[in-house]
file coords39.tsv (TSV, C-alpha atoms)
chain	number	residue	atom	x	y	z
A	135	ARG	CA	-13.46	33.14	-15.72
A	136	PRO	CA	-11.31	34.28	-12.80
A	137	LEU	CA	-13.23	36.19	-10.17
A	138	THR	CA	-12.65	39.92	-9.69
A	139	LEU	CA	-10.69	40.27	-6.46
A	140	ASN	CA	-10.30	43.12	-4.00
A	141	THR	CA	-6.72	43.15	-2.74
A	142	GLY	CA	-5.12	45.52	-0.24
A	143	ALA	CA	-5.73	49.08	-1.41
A	144	CYS	CA	-7.05	47.98	-4.82
A	145	VAL	CA	-10.85	47.69	-4.88
A	146	ASP	CA	-11.97	46.29	-8.24
A	147	ARG	CA	-15.35	45.03	-6.98
A	148	ALA	CA	-17.70	47.27	-4.95
A	149	ASN	CA	-21.32	46.78	-3.93
A	150	ALA	CA	-21.27	43.23	-5.28
A	151	THR	CA	-20.83	39.85	-3.60
A	152	GLN	CA	-18.92	36.81	-4.79
A	153	ARG	CA	-20.43	33.37	-4.49
A	154	PRO	CA	-18.59	31.01	-6.84
A	155	PRO	CA	-20.69	27.96	-7.66
A	156	ARG	CA	-19.76	24.63	-6.09
A	157	GLU	CA	-19.13	22.74	-9.29
A	158	PRO	CA	-16.38	20.66	-10.89
A	159	ALA	CA	-13.20	22.69	-11.35
A	160	ARG	CA	-13.33	23.56	-15.03
A	161	VAL	CA	-10.01	22.53	-16.53
A	162	GLU	CA	-8.47	25.10	-18.87
A	163	ARG	CA	-5.61	22.90	-20.05
A	164	LEU	CA	-3.20	20.13	-19.21
A	165	GLY	CA	-0.29	21.77	-17.40
A	166	HIS	CA	2.27	19.04	-16.78
A	167	VAL	CA	2.99	15.37	-16.28
A	168	VAL	CA	5.33	13.88	-13.69
A	169	LEU	CA	7.18	10.63	-14.38
A	170	SER	CA	9.33	8.34	-12.26
A	171	THR	CA	12.41	6.70	-13.76
A	172	THR	CA	15.02	4.25	-12.53
A	173	VAL	CA	17.69	5.75	-14.84
A	174	PHE	CA	17.32	9.47	-14.17
A	175	LEU	CA	20.25	11.08	-16.02
A	176	ARG	CA	19.85	8.91	-19.12
A	177	ASP	CA	16.14	9.78	-19.38
A	178	LEU	CA	16.70	13.47	-18.59
A	179	ASP	CA	19.34	13.70	-21.32
A	180	TRP	CA	16.96	12.01	-23.78
A	181	PHE	CA	14.18	14.56	-23.19
A	182	LEU	CA	16.61	17.49	-23.41
A	183	LYS	CA	18.35	16.22	-26.57
A	184	HIS	CA	15.44	14.78	-28.53
A	185	LEU	CA	12.59	17.09	-27.53
A	186	GLY	CA	14.55	20.31	-27.03
A	187	LEU	CA	13.26	20.85	-23.50
A	188	ILE	CA	15.22	22.86	-20.91
A	189	VAL	CA	15.50	22.55	-17.12
A	190	SER	CA	13.88	25.08	-14.77
A	191	ASP	CA	14.90	23.48	-11.46
A	192	PHE	CA	16.96	20.56	-10.20
A	193	LEU	CA	16.42	18.86	-6.85
A	194	TYR	CA	19.09	16.74	-5.17
A	195	LEU	CA	19.30	14.57	-2.08
A	196	ASP	CA	20.01	16.73	0.96
A	197	GLY	CA	23.76	17.05	1.49
A	198	GLN	CA	24.52	15.25	-1.78
A	199	ARG	CA	24.44	17.93	-4.48
A	200	ASP	CA	27.85	16.74	-5.67
A	201	ARG	CA	26.20	13.44	-6.68
A	202	GLY	CA	23.90	15.29	-9.09
A	203	PRO	CA	20.17	15.83	-9.37
A	204	THR	CA	17.47	13.29	-8.50
A	205	MET	CA	14.58	15.37	-9.87
A	206	ALA	CA	14.14	17.91	-12.65
A	207	PHE	CA	11.35	20.33	-13.55
A	208	ILE	CA	11.53	20.75	-17.33
A	209	ARG	CA	9.96	23.36	-19.60
A	210	CYS	CA	9.52	23.98	-23.29
A	211	ASP	CA	12.18	26.20	-24.85
A	212	ARG	CA	10.13	28.99	-26.44
A	213	GLY	CA	13.04	31.43	-26.68
A	214	SER	CA	12.00	34.88	-25.43
A	215	GLU	CA	8.37	33.82	-24.98
A	216	PRO	CA	7.65	32.67	-21.40
A	217	ALA	CA	6.61	29.03	-20.97
A	218	ASP	CA	5.26	27.15	-17.96
A	219	HIS	CA	7.89	26.48	-15.27
A	220	HIS	CA	7.48	22.81	-16.11
A	221	THR	CA	5.61	20.78	-18.68
A	222	LEU	CA	7.35	17.64	-17.54
A	223	ALA	CA	8.92	16.70	-14.22
A	224	MET	CA	10.80	13.50	-13.55
A	225	TYR	CA	12.54	11.98	-10.59
A	226	LEU	CA	14.69	9.02	-9.69
A	227	GLY	CA	12.35	6.43	-8.23
A	228	PRO	CA	12.02	2.71	-7.54
A	229	ASP	CA	10.18	2.12	-10.82
A	230	THR	CA	9.38	3.76	-14.14
A	231	GLY	CA	5.99	5.25	-14.90
A	232	TYR	CA	3.27	7.84	-14.43
A	233	VAL	CA	3.22	9.74	-11.11
A	234	HIS	CA	0.60	12.43	-11.74
A	235	SER	CA	-0.83	14.86	-14.24
A	236	ALA	CA	-1.78	18.47	-13.48
A	237	TYR	CA	-4.67	20.51	-14.85
A	238	GLN	CA	-4.89	24.29	-14.75
A	239	VAL	CA	-8.04	25.97	-13.44
A	240	ALA	CA	-8.96	29.67	-13.47
A	241	ASP	CA	-8.15	30.67	-9.89
A	242	LEU	CA	-8.09	29.68	-6.23
A	243	ASP	CA	-11.90	29.83	-6.00
A	244	ALA	CA	-12.31	27.39	-8.90
A	245	LEU	CA	-9.74	25.08	-7.30
A	246	ALA	CA	-11.32	25.21	-3.81
A	247	ALA	CA	-14.95	25.01	-4.97
A	248	GLY	CA	-14.01	22.12	-7.28
A	249	GLY	CA	-12.43	20.38	-4.29
A	250	GLU	CA	-15.60	20.78	-2.25
A	251	TYR	CA	-17.56	19.31	-5.18
A	252	LEU	CA	-15.27	16.25	-5.23
A	253	LYS	CA	-15.36	15.85	-1.44
A	254	GLU	CA	-19.19	15.92	-1.43
A	255	ARG	CA	-19.11	13.00	-3.88
A	256	GLY	CA	-16.91	10.86	-1.65
A	257	TYR	CA	-13.49	11.51	-3.19
A	258	ARG	CA	-10.51	11.99	-0.91
A	259	ARG	CA	-7.97	14.77	-1.19
A	260	SER	CA	-4.46	13.37	-1.42
A	261	TRP	CA	-2.72	16.65	-0.51
A	262	GLY	CA	-3.47	20.37	-0.42
A	263	ILE	CA	-4.51	23.09	-0.70
A	264	GLY	CA	-1.05	24.69	-0.76
A	265	ARG	CA	1.51	26.55	-2.86
A	266	HIS	CA	4.48	24.78	-4.41
A	267	ILE	CA	8.00	26.16	-4.17
A	268	GLN	CA	9.27	25.05	-7.60
A	269	GLY	CA	6.78	26.55	-10.07
A	270	SER	CA	4.82	28.50	-7.41
A	271	GLN	CA	1.51	26.86	-8.33
A	272	ILE	CA	-1.39	26.83	-5.88
A	273	PHE	CA	-2.21	23.09	-5.83
A	274	ASP	CA	-4.73	20.50	-4.75
A	275	TYR	CA	-4.18	16.74	-5.33
A	276	TRP	CA	-6.90	14.09	-5.65
A	277	ARG	CA	-7.20	10.39	-6.48
A	278	ASP	CA	-9.53	9.29	-9.25
A	279	PRO	CA	-11.61	6.07	-9.00
A	280	ASP	CA	-8.58	4.04	-10.19
A	281	ARG	CA	-6.38	5.82	-7.59
A	282	LEU	CA	-4.41	7.76	-10.23
A	283	LEU	CA	-3.04	11.00	-8.79
A	284	LEU	CA	-4.37	14.23	-10.35
A	285	GLU	CA	-3.56	17.84	-9.53
A	286	HIS	CA	-5.61	20.98	-9.99
A	287	PHE	CA	-3.42	24.10	-10.05
A	288	THR	CA	-3.52	27.82	-10.69
A	289	ASP	CA	-1.04	30.71	-10.77
A	290	GLY	CA	2.14	29.03	-11.98
A	291	ASP	CA	5.48	30.62	-12.87
A	292	ARG	CA	6.39	31.29	-16.49
A	293	PHE	CA	10.02	31.58	-17.63
A	294	ASP	CA	11.66	32.43	-20.93
A	295	ALA	CA	14.81	30.63	-22.10
A	296	SER	CA	17.13	33.11	-20.36
A	297	VAL	CA	16.38	31.77	-16.85
A	298	GLU	CA	19.07	29.37	-15.60
A	299	PRO	CA	18.12	26.24	-13.60
A	300	GLY	CA	17.73	26.54	-9.86
A	301	TRP	CA	19.05	23.96	-7.38
A	302	ALA	CA	17.44	22.89	-4.09
A	303	ALA	CA	17.51	19.96	-1.69
A	304	MET	CA	14.73	17.41	-2.27
A	305	SER	CA	12.28	16.73	0.56
A	306	ALA	CA	8.52	16.26	0.92
A	307	SER	CA	8.31	19.31	3.20
A	308	GLY	CA	10.32	21.31	0.66
A	309	LEU	CA	7.65	20.92	-2.01
A	310	ALA	CA	5.34	23.58	-0.52
A	311	GLN	CA	5.75	27.17	0.60
A	312	TRP	CA	2.55	26.87	2.64
A	313	GLY	CA	-0.24	24.36	3.17
A	314	PRO	CA	-0.62	21.15	5.11
A	315	PRO	CA	2.29	18.71	5.34
A	316	ALA	CA	2.61	16.25	2.46
A	317	THR	CA	0.52	13.19	3.21
A	318	ALA	CA	1.63	9.54	3.18
A	319	ASP	CA	-0.82	9.05	0.28
A	320	PHE	CA	0.96	11.72	-1.76
call {"tool": "encode", "arguments": {"input": "coords39.tsv", "output": "structure tokens"}}
result
Amino acid sequence: RPLTLNTGACVDRANATQRPPREPARVERLGHVVLSTTVFLRDLDWFLKHLGLIVSDFLYLDGQRDRGPTMAFIRCDRGSEPADHHTLAMYLGPDTGYVHSAYQVADLDALAAGGEYLKERGYRRSWGIGRHIQGSQIFDYWRDPDRLLLEHFTDGDRFDASVEPGWAAMSASGLAQWGPPATADF
């Protein structure tokens, strides 16, 4: 369960300490998958047409918006019910395949304590802790024993179908509002 937080003038916890356990980050659900494709627009159109997904944000190469998007964050169309900012993301890459999967945890404490648990067992953080721009998630990326990229996240945006896609230039530094710079491993 998320911890009870004291914020600014709002004191919801008095005369009690918080010491979240250092344990694996307990995954609440699969949040999204990111794929790379060599034929971006064809694959994007396929997901929109055949699965009824809609775009939350497009990214394009800096100074080349007129050439179209090179990445899309795609959500489920649930009408007036808000859905995750993205359930699928895809970008134009040198090959086709899995990039990473993301798993939601309860809060920042679960994410950070889970990271300490992994670090104590010899795993290496790939990138984080930070907050994404598209989707606003607080994130932390790790490699599993096979070097697959996995993300823990919390506090993501939710949009209903009325929100139109955003557009932004694509860059590694543009993926985070705050946090360390994107690593070469990421």
call {"tool": "residues_around", "arguments": {"input": "coords39.tsv", "residues": "range 163-169 of chain A", "least_positions_apart": "5", "cutoff": "8 Å", "atoms": "only C-alpha atoms", "output": "count of residues only"}}
result
17
call {"tool": "closest_atom_pairs", "arguments": {"input": "coords39.tsv", "of": "range 204-223 of chain A", "to": "range 302-319 of chain A", "cutoff": "12 Å", "atoms": "only C-alpha atoms", "output": "tab-separated table"}}
result
residue	atom	partner	partner_atom	distance
A:Thr204	CA	A:Met304	CA	8.0
A:Met205	CA	A:Met304	CA	7.9
A:Ala206	CA	A:Met304	CA	10.4
A:Phe207	CA	A:Ala302	CA	11.5
call {"tool": "residues_around", "arguments": {"input": "coords39.tsv", "residues": "Asp211 in chain A", "least_positions_apart": "3", "cutoff": "7 Å", "atoms": "all atoms listed in the file", "output": "PyMOL selection string"}}
result
chain A and resi 186-188+295
call {"tool": "closest_residue", "arguments": {"input": "coords39.tsv", "among": "A:Arg255, A:Ser270, A:Pro216, A:Val173", "to": "Pro228 in chain A", "atoms": "only C-alpha atoms"}}
result
A:Val173
call {"tool": "residues_near_point", "arguments": {"input": "coords39.tsv", "point": "(-11.5, 24.2, -14.5)", "cutoff": "9 Å", "atoms": "only C-alpha atoms", "output": "JSON, numbers by chain"}}
result
{"A": [158, 159, 160, 161, 162, 163, 237, 238, 239, 240, 241, 244, 245, 248, 286]}
call {"tool": "closest_residue", "arguments": {"input": "coords39.tsv", "among": "A:Asp191, A:Phe287, A:Leu252, A:Asp179", "to": "Gly264 in chain A", "atoms": "all atoms listed in the file"}}
result
A:Phe287
call {"tool": "decode", "arguments": {"input": "coords39.tsv", "residues": "range 236-250 of chain A", "atoms": "all heavy atoms", "output": "compact mmCIF listing (two decimals), in the first residue's frame"}}
result
# COMPACT_ATOMS: atom_id res chain seq x y z
N ALA A 236 7.37 -2.22 -18.56
CA ALA A 236 7.30 -1.38 -17.36
C ALA A 236 6.24 -1.92 -16.41
O ALA A 236 5.14 -2.30 -16.84
CB ALA A 236 6.98 0.05 -17.75
N TYR A 237 6.58 -1.90 -15.12
CA TYR A 237 5.74 -2.48 -14.09
C TYR A 237 5.44 -1.44 -13.02
O TYR A 237 6.35 -0.83 -12.47
CB TYR A 237 6.44 -3.70 -13.49
CG TYR A 237 6.78 -4.70 -14.56
CD1 TYR A 237 7.97 -4.61 -15.27
CD2 TYR A 237 5.87 -5.69 -14.91
CE1 TYR A 237 8.26 -5.51 -16.29
CE2 TYR A 237 6.15 -6.59 -15.93
CZ TYR A 237 7.35 -6.49 -16.61
OH TYR A 237 7.63 -7.36 -17.62
N GLN A 238 4.15 -1.24 -12.74
CA GLN A 238 3.75 -0.24 -11.77
C GLN A 238 3.93 -0.75 -10.36
O GLN A 238 3.58 -1.90 -10.05
CB GLN A 238 2.30 0.17 -11.97
CG GLN A 238 1.87 1.30 -11.05
CD GLN A 238 0.49 1.82 -11.36
OE1 GLN A 238 -0.18 1.36 -12.29
NE2 GLN A 238 0.04 2.79 -10.59
N VAL A 239 4.46 0.13 -9.49
CA VAL A 239 4.58 -0.14 -8.06
C VAL A 239 3.80 0.94 -7.32
O VAL A 239 3.39 1.94 -7.90
CB VAL A 239 6.06 -0.21 -7.61
CG1 VAL A 239 6.78 -1.33 -8.35
CG2 VAL A 239 6.78 1.11 -7.82
N ALA A 240 3.61 0.76 -6.01
CA ALA A 240 2.70 1.61 -5.24
C ALA A 240 3.11 3.08 -5.19
O ALA A 240 2.26 3.96 -5.34
CB ALA A 240 2.56 1.08 -3.82
N ASP A 241 4.39 3.35 -4.97
CA ASP A 241 4.80 4.74 -4.77
C ASP A 241 6.31 4.85 -4.89
O ASP A 241 7.00 3.85 -5.15
CB ASP A 241 4.29 5.28 -3.43
CG ASP A 241 4.76 4.49 -2.21
OD1 ASP A 241 5.74 3.71 -2.32
OD2 ASP A 241 4.15 4.64 -1.14
N LEU A 242 6.82 6.06 -4.69
CA LEU A 242 8.25 6.31 -4.79
C LEU A 242 9.04 5.48 -3.78
O LEU A 242 10.12 4.97 -4.09
CB LEU A 242 8.55 7.80 -4.61
CG LEU A 242 10.01 8.20 -4.60
CD1 LEU A 242 10.73 7.79 -5.87
CD2 LEU A 242 10.15 9.69 -4.37
N ASP A 243 8.52 5.31 -2.57
CA ASP A 243 9.23 4.50 -1.58
C ASP A 243 9.37 3.06 -2.02
O ASP A 243 10.43 2.45 -1.85
CB ASP A 243 8.53 4.58 -0.22
CG ASP A 243 8.84 5.86 0.51
OD1 ASP A 243 9.99 6.00 0.99
OD2 ASP A 243 7.96 6.73 0.59
N ALA A 244 8.31 2.48 -2.59
CA ALA A 244 8.39 1.10 -3.08
C ALA A 244 9.41 1.00 -4.20
O ALA A 244 10.21 0.05 -4.25
CB ALA A 244 7.02 0.63 -3.56
N LEU A 245 9.42 1.98 -5.09
CA LEU A 245 10.36 2.00 -6.20
C LEU A 245 11.80 2.10 -5.70
O LEU A 245 12.68 1.33 -6.10
CB LEU A 245 10.02 3.18 -7.12
CG LEU A 245 10.77 3.30 -8.43
CD1 LEU A 245 9.83 3.79 -9.52
CD2 LEU A 245 11.91 4.28 -8.29
N ALA A 246 12.07 3.05 -4.79
CA ALA A 246 13.43 3.27 -4.29
C ALA A 246 13.91 2.12 -3.40
O ALA A 246 15.05 1.66 -3.54
CB ALA A 246 13.49 4.60 -3.53
N ALA A 247 13.05 1.64 -2.50
CA ALA A 247 13.45 0.52 -1.64
C ALA A 247 13.67 -0.74 -2.47
O ALA A 247 14.60 -1.51 -2.22
CB ALA A 247 12.39 0.29 -0.56
N GLY A 248 12.83 -0.94 -3.49
CA GLY A 248 13.02 -2.08 -4.39
C GLY A 248 14.33 -1.98 -5.14
O GLY A 248 15.01 -2.98 -5.38
N GLY A 249 14.72 -0.76 -5.52
CA GLY A 249 16.00 -0.55 -6.18
C GLY A 249 17.17 -0.88 -5.27
O GLY A 249 18.15 -1.48 -5.70
N GLU A 250 17.07 -0.48 -4.01
CA GLU A 250 18.14 -0.81 -3.05
C GLU A 250 18.25 -2.32 -2.87
O GLU A 250 19.34 -2.88 -2.78
CB GLU A 250 17.88 -0.14 -1.70
CG GLU A 250 18.05 1.37 -1.74
CD GLU A 250 19.45 1.78 -2.15
OE1 GLU A 250 20.43 1.30 -1.56
OE2 GLU A 250 19.56 2.60 -3.10
